[in-house]
$ cat protein-v5.cif   # mmCIF, C-alpha atoms
data_protein
loop_
_atom_site.label_atom_id
_atom_site.label_comp_id
_atom_site.auth_asym_id
_atom_site.auth_seq_id
_atom_site.Cartn_x
_atom_site.Cartn_y
_atom_site.Cartn_z
CA MET A 492 116.45 106.37 109.10
CA PRO A 493 115.54 106.67 112.77
CA GLU A 494 117.42 104.04 114.75
CA ALA A 495 114.77 103.26 117.36
CA LEU A 496 112.18 102.56 114.69
CA PHE A 497 114.58 100.99 112.24
CA SER A 498 116.71 98.79 114.43
CA PRO A 499 119.22 96.26 113.08
CA GLN A 500 117.14 93.40 114.51
CA SER A 501 114.36 94.19 112.08
CA GLU A 502 113.49 91.84 109.25
CA ILE A 503 113.64 94.70 106.75
CA ASP A 504 117.30 95.61 106.43
CA GLU A 505 118.83 99.06 106.06
CA ALA A 506 119.39 98.64 102.32
CA LEU A 507 115.67 98.22 101.81
CA LEU A 508 114.84 101.27 103.89
CA THR A 509 117.36 103.56 102.29
CA SER A 510 116.59 102.48 98.75
CA THR A 511 115.89 105.42 96.50
CA LEU A 512 112.99 103.43 95.10
CA LEU A 513 111.27 103.28 98.48
CA GLY A 514 112.49 106.59 99.90
CA HIS A 515 111.72 108.66 96.82
CA GLY A 516 109.14 111.35 97.31
CA LEU A 517 108.98 111.46 101.10
CA PRO A 518 108.18 115.05 102.07
CA SER A 519 110.90 116.54 104.28
CA GLU A 520 108.35 117.37 106.98
CA ALA A 521 107.23 113.73 107.07
CA GLU A 522 110.86 112.63 107.30
CA HIS A 523 111.31 115.08 110.19
CA HIS A 524 108.37 113.48 112.03
CA LEU A 525 109.88 110.02 111.51
CA TRP A 526 113.12 111.24 113.07
CA GLU A 527 111.24 112.84 115.96
CA ALA A 528 109.32 109.61 116.51
CA SER A 529 112.61 107.76 116.83
CA LEU A 530 113.97 110.29 119.31
CA PHE A 531 110.86 109.97 121.48
CA TYR A 532 110.38 106.23 120.97
CA HIS A 533 110.39 105.70 124.75
CA LEU A 534 107.44 108.11 125.10
CA ASP A 535 104.65 106.25 123.35
CA GLU A 536 102.16 109.08 122.93
CA ILE A 537 104.72 111.55 121.60
CA ALA A 538 106.33 109.02 119.24
CA GLU A 539 102.97 107.84 117.94
CA GLY A 540 101.87 111.45 117.46
CA HIS A 541 104.88 112.09 115.24
CA LEU A 542 104.20 108.92 113.29
CA ARG A 543 100.59 109.97 112.77
CA GLN A 544 101.74 113.40 111.58
CA ALA A 545 104.11 111.72 109.11
CA GLU A 546 101.21 109.53 108.01
CA ALA A 547 98.99 112.58 107.48
CA LEU A 548 101.64 114.07 105.21
CA ALA A 549 102.48 110.87 103.31
CA PRO A 550 99.80 108.26 104.12
CA GLU A 551 100.93 105.62 101.65
CA HIS A 552 104.67 106.25 101.63
CA VAL A 553 106.63 103.09 102.33
CA ALA A 554 108.93 104.74 104.90
CA VAL A 555 105.93 105.92 106.91
CA LEU A 556 104.24 102.52 106.72
CA ILE A 557 107.41 100.77 107.85
CA GLY A 558 107.80 103.26 110.71
CA LEU A 559 104.25 102.63 111.86
CA PHE A 560 104.64 98.86 111.54
CA ARG A 561 107.83 98.77 113.56
CA PHE A 562 106.48 101.06 116.25
CA TYR A 563 103.39 98.94 116.82
CA PHE A 564 105.31 95.69 116.47
CA TYR A 565 108.03 96.56 118.98
CA LYS A 566 105.49 98.06 121.37
CA ALA A 567 103.62 94.70 121.21
CA ARG A 568 100.54 96.38 119.80
CA LEU A 569 100.03 93.45 117.47
CA PRO A 570 96.50 94.14 116.14
CA GLU A 571 97.64 97.60 115.04
CA ALA A 572 100.84 96.17 113.58
CA LEU A 573 98.72 93.69 111.61
CA GLN A 574 96.61 96.51 110.17
CA VAL A 575 99.77 98.26 108.99
CA ALA A 576 101.19 94.98 107.63
CA GLN A 577 98.05 94.65 105.52
CA ARG A 578 98.57 98.19 104.23
CA CYS A 579 102.20 97.32 103.45
CA ILE A 580 101.11 94.29 101.42
CA ILE A 581 98.71 96.44 99.41
CA LYS A 582 101.39 99.07 98.81
CA ALA A 583 103.98 96.42 97.93
CA ALA A 584 101.56 94.82 95.49
CA GLU A 585 100.91 98.21 93.92
CA VAL A 586 104.60 99.12 93.43
CA ASN A 587 105.31 95.65 92.05
CA ASN A 588 102.27 95.63 89.74
CA LEU A 589 100.89 92.55 91.50
CA SER A 590 97.38 91.47 92.34
CA SER A 591 95.98 93.32 95.34
CA ASP A 592 95.09 89.87 96.73
CA TRP A 593 98.37 88.32 97.85
CA ARG A 594 96.84 84.86 97.50
CA LEU A 595 96.72 85.35 93.72
CA VAL A 596 100.38 86.39 93.35
CA ARG A 597 102.56 83.83 91.56
CA ALA A 598 106.31 83.30 91.59
CA GLY A 599 106.72 84.57 88.03
CA ASP A 600 104.89 87.84 88.74
CA ALA A 601 108.05 89.51 90.08
CA ALA A 602 111.73 88.72 90.59
CA PHE A 603 111.15 87.28 94.06
CA GLY A 604 114.16 84.97 93.83
CA ARG A 605 116.64 87.82 93.46
CA TYR A 606 117.21 89.14 96.95
CA GLU A 607 118.81 92.35 95.68
CA ASN A 608 115.51 93.38 94.08
CA THR A 609 114.15 95.78 96.67
CA LEU A 610 110.52 96.03 95.58
CA PRO A 611 109.78 92.30 95.42
CA ARG A 612 111.62 91.90 98.73
CA PHE A 613 109.38 94.54 100.30
CA PHE A 614 106.38 92.44 99.25
CA LEU A 615 107.90 89.28 100.75
CA PHE A 616 108.81 90.94 104.04
CA SER A 617 105.38 92.52 104.30
CA LEU A 618 103.77 89.14 103.80
CA LYS A 619 106.15 87.58 106.31
CA GLY A 620 105.18 90.18 108.91
CA TYR A 621 101.53 89.49 108.16
CA ALA A 622 102.03 85.73 108.55
CA TYR A 623 103.91 86.12 111.82
CA LEU A 624 101.30 88.46 113.29
CA GLN A 625 98.47 86.14 112.28
CA MET A 626 100.24 83.34 114.14
CA ARG A 627 100.86 85.50 117.22
CA LEU A 628 97.21 86.54 117.27
CA GLY A 629 96.08 82.89 117.22
CA ARG A 630 95.00 82.82 113.58
CA THR A 631 97.31 79.94 112.75
CA GLU A 632 95.56 78.76 109.60
CA GLU A 633 95.77 82.21 107.99
CA GLY A 634 99.41 82.37 109.11
CA ARG A 635 100.08 78.96 107.56
CA ILE A 636 98.53 79.99 104.23
CA ALA A 637 100.69 83.12 104.15
CA VAL A 638 103.85 81.13 105.00
CA GLN A 639 103.05 78.64 102.23
CA LYS A 640 102.64 81.54 99.81
CA LEU A 641 106.01 82.91 100.92
CA LEU A 642 107.68 79.58 100.23
CA GLU A 643 105.97 79.38 96.84
CA LEU A 644 107.28 82.85 95.92
CA ASP A 645 110.70 82.38 97.54
CA PRO A 646 111.50 78.64 97.30
CA THR A 647 115.14 79.16 98.32
CA ASP A 648 113.83 80.85 101.49
CA LYS A 649 116.04 83.91 101.41
CA ILE A 650 113.69 85.69 103.84
CA GLY A 651 113.42 82.88 106.39
CA ALA A 652 109.81 81.74 106.06
CA LYS A 653 110.76 78.17 107.01
CA VAL A 654 111.37 79.36 110.55
CA LEU A 655 107.70 80.34 110.75
CA LEU A 656 106.71 77.01 109.24
CA ARG A 657 108.70 75.15 111.91
CA VAL A 658 107.00 77.20 114.61
CA LEU A 659 103.63 76.27 113.16
CA GLU A 660 104.59 72.60 113.04
CA HIS A 661 105.61 72.64 116.71
CA MET A 662 102.63 74.57 118.01
CA GLY A 663 100.63 72.53 120.45
CA GLN A 664 103.37 69.99 121.03
CA ASP A 665 104.62 69.43 124.55
CA ASP A 666 108.08 70.68 125.37
CA ASP A 667 109.95 67.57 126.51
#

$ encode --input "protein-v5.cif" --output "structure tokens"
Amino acid sequence: MPEALFSPQSEIDEALLTSTLLGHGLPSEAEHHLWEASLFYHLDEIAEGHLRQAEALAPEHVAVLIGLFRFYFYKARLPEALQVAQRCIIKAAEVNNLSSDWRLVRAGDAAFGRYENTLPRFFLFSLKGYAYLQMRLGRTEEGRIAVQKLLELDPTDKIGAKVLLRVLEHMGQDDD
């Protein structure tokens, strides 16, 4: 996967991105555009153009959605990143046979507690990105609801939702 778009600091690790379950069916031309986007990451218009071409070829493919999310996220284009995060949640719900409304998903609906299960993990990371972006955009209550759902689905907190909860708890407090 393209390094600039899929950096090691990302919440979604390399194993998730290279999974045959998530990478299956990506047209080679779309993959080429993802690579080109990574090569031109420093040139926003060119990189975004390649991402949009990949999206035109494979609009709902997980690799394309993740590429778009990361591009907008790391470029601090948070409203656009949030839109893609919402698309990721819908796609993750679809591939996991979950409700399209993440609020209705329950812990027993998928193997959320088993970190090695790529598809449920994709759902959790998508929801975590959504929660974080809601918080960053000042929609703290929606962020809190999403974080609480994450902790319900992943009570051992393998994906680190408690960090977001702590941030929420400290918001508005003076730094002494």

$ residues_around --input "protein-v5.cif" --residues "Arg578 (chain A)" --least-positions-apart "3" --cutoff "9 Å" --atoms "all atoms listed in the file" --output "MDAnalysis selection string"
chainID A and resid 551 556 573:575 581:583 617

$ closest_residue --input "protein-v5.cif" --among "A:Gly620, A:Pro611, A:Pro570, A:Gly604" --to "Glu643 (chain A)" --atoms "all atoms listed in the file"
A:Gly604

$ closest_atom_pairs --input "protein-v5.cif" --of "region 563-609 of chain A" --to "region 532-550 of chain A" --cutoff "12 Å" --atoms "only C-alpha atoms" --output "Markdown table"
| residue | atom | partner | partner_atom | distance |
| --- | --- | --- | --- | --- |
| A:Tyr563 | CA | A:Glu539 | CA | 9.0 |
| A:Tyr565 | CA | A:Tyr532 | CA | 10.1 |
| A:Lys566 | CA | A:Asp535 | CA | 8.5 |
| A:Ala567 | CA | A:Asp535 | CA | 11.8 |
| A:Arg568 | CA | A:Asp535 | CA | 11.3 |
| A:Glu571 | CA | A:Glu539 | CA | 11.9 |
| A:Val575 | CA | A:Pro550 | CA | 11.1 |
| A:Arg578 | CA | A:Pro550 | CA | 10.1 |
| A:Cys579 | CA | A:Pro550 | CA | 11.2 |
| A:Lys582 | CA | A:Pro550 | CA | 10.7 |

$ closest_residue --input "protein-v5.cif" --among "A:Phe531, A:Trp593, A:Trp526, A:Phe613" --to "Lys640 (chain A)" --atoms "all atoms listed in the file"
A:Trp593

$ closest_residue --input "protein-v5.cif" --among "A:Ile650, A:Ile557, A:Met662, A:Ala528" --to "Tyr606 (chain A)" --atoms "only C-alpha atoms"
A:Ile650

$ closest_residue --input "protein-v5.cif" --among "A:Val555, A:Leu628, A:Leu610, A:Leu525" --to "Leu589 (chain A)" --atoms "all atoms listed in the file"
A:Leu610

$ closest_residue --input "protein-v5.cif" --among "A:Leu530, A:Leu644, A:Ala652, A:Leu569" --to "Val596 (chain A)" --atoms "only C-alpha atoms"
A:Leu644

$ resolve_selection --input "protein-v5.cif" --expression "the PyMOL selection byres ((chain A and resi 655) around 10)" --output "list of chain:residue names"
A:Lys619, A:Ala622, A:Tyr623, A:Met626, A:Gly634, A:Arg635, A:Val638, A:Gln639, A:Gly651, A:Ala652, A:Lys653, A:Val654, A:Leu656, A:Arg657, A:Val658, A:Leu659, A:Glu660, A:His661

$ closest_residue --input "protein-v5.cif" --among "A:Gly629, A:Pro518, A:Ala572, A:Asp645" --to "Ala601 (chain A)" --atoms "only C-alpha atoms"
A:Asp645

$ atom_distance --input "protein-v5.cif" --atom1 "CA of Ala584 (chain A)" --atom2 "CA of Leu615 (chain A)"
9.9 Å

$ atom_distance --input "protein-v5.cif" --atom1 "CA of Ile580 (chain A)" --atom2 "CA of Glu522 (chain A)"
21.6 Å

$ atom_distance --input "protein-v5.cif" --atom1 "CA of Gly599 (chain A)" --atom2 "CA of Ile636 (chain A)"
18.7 Å
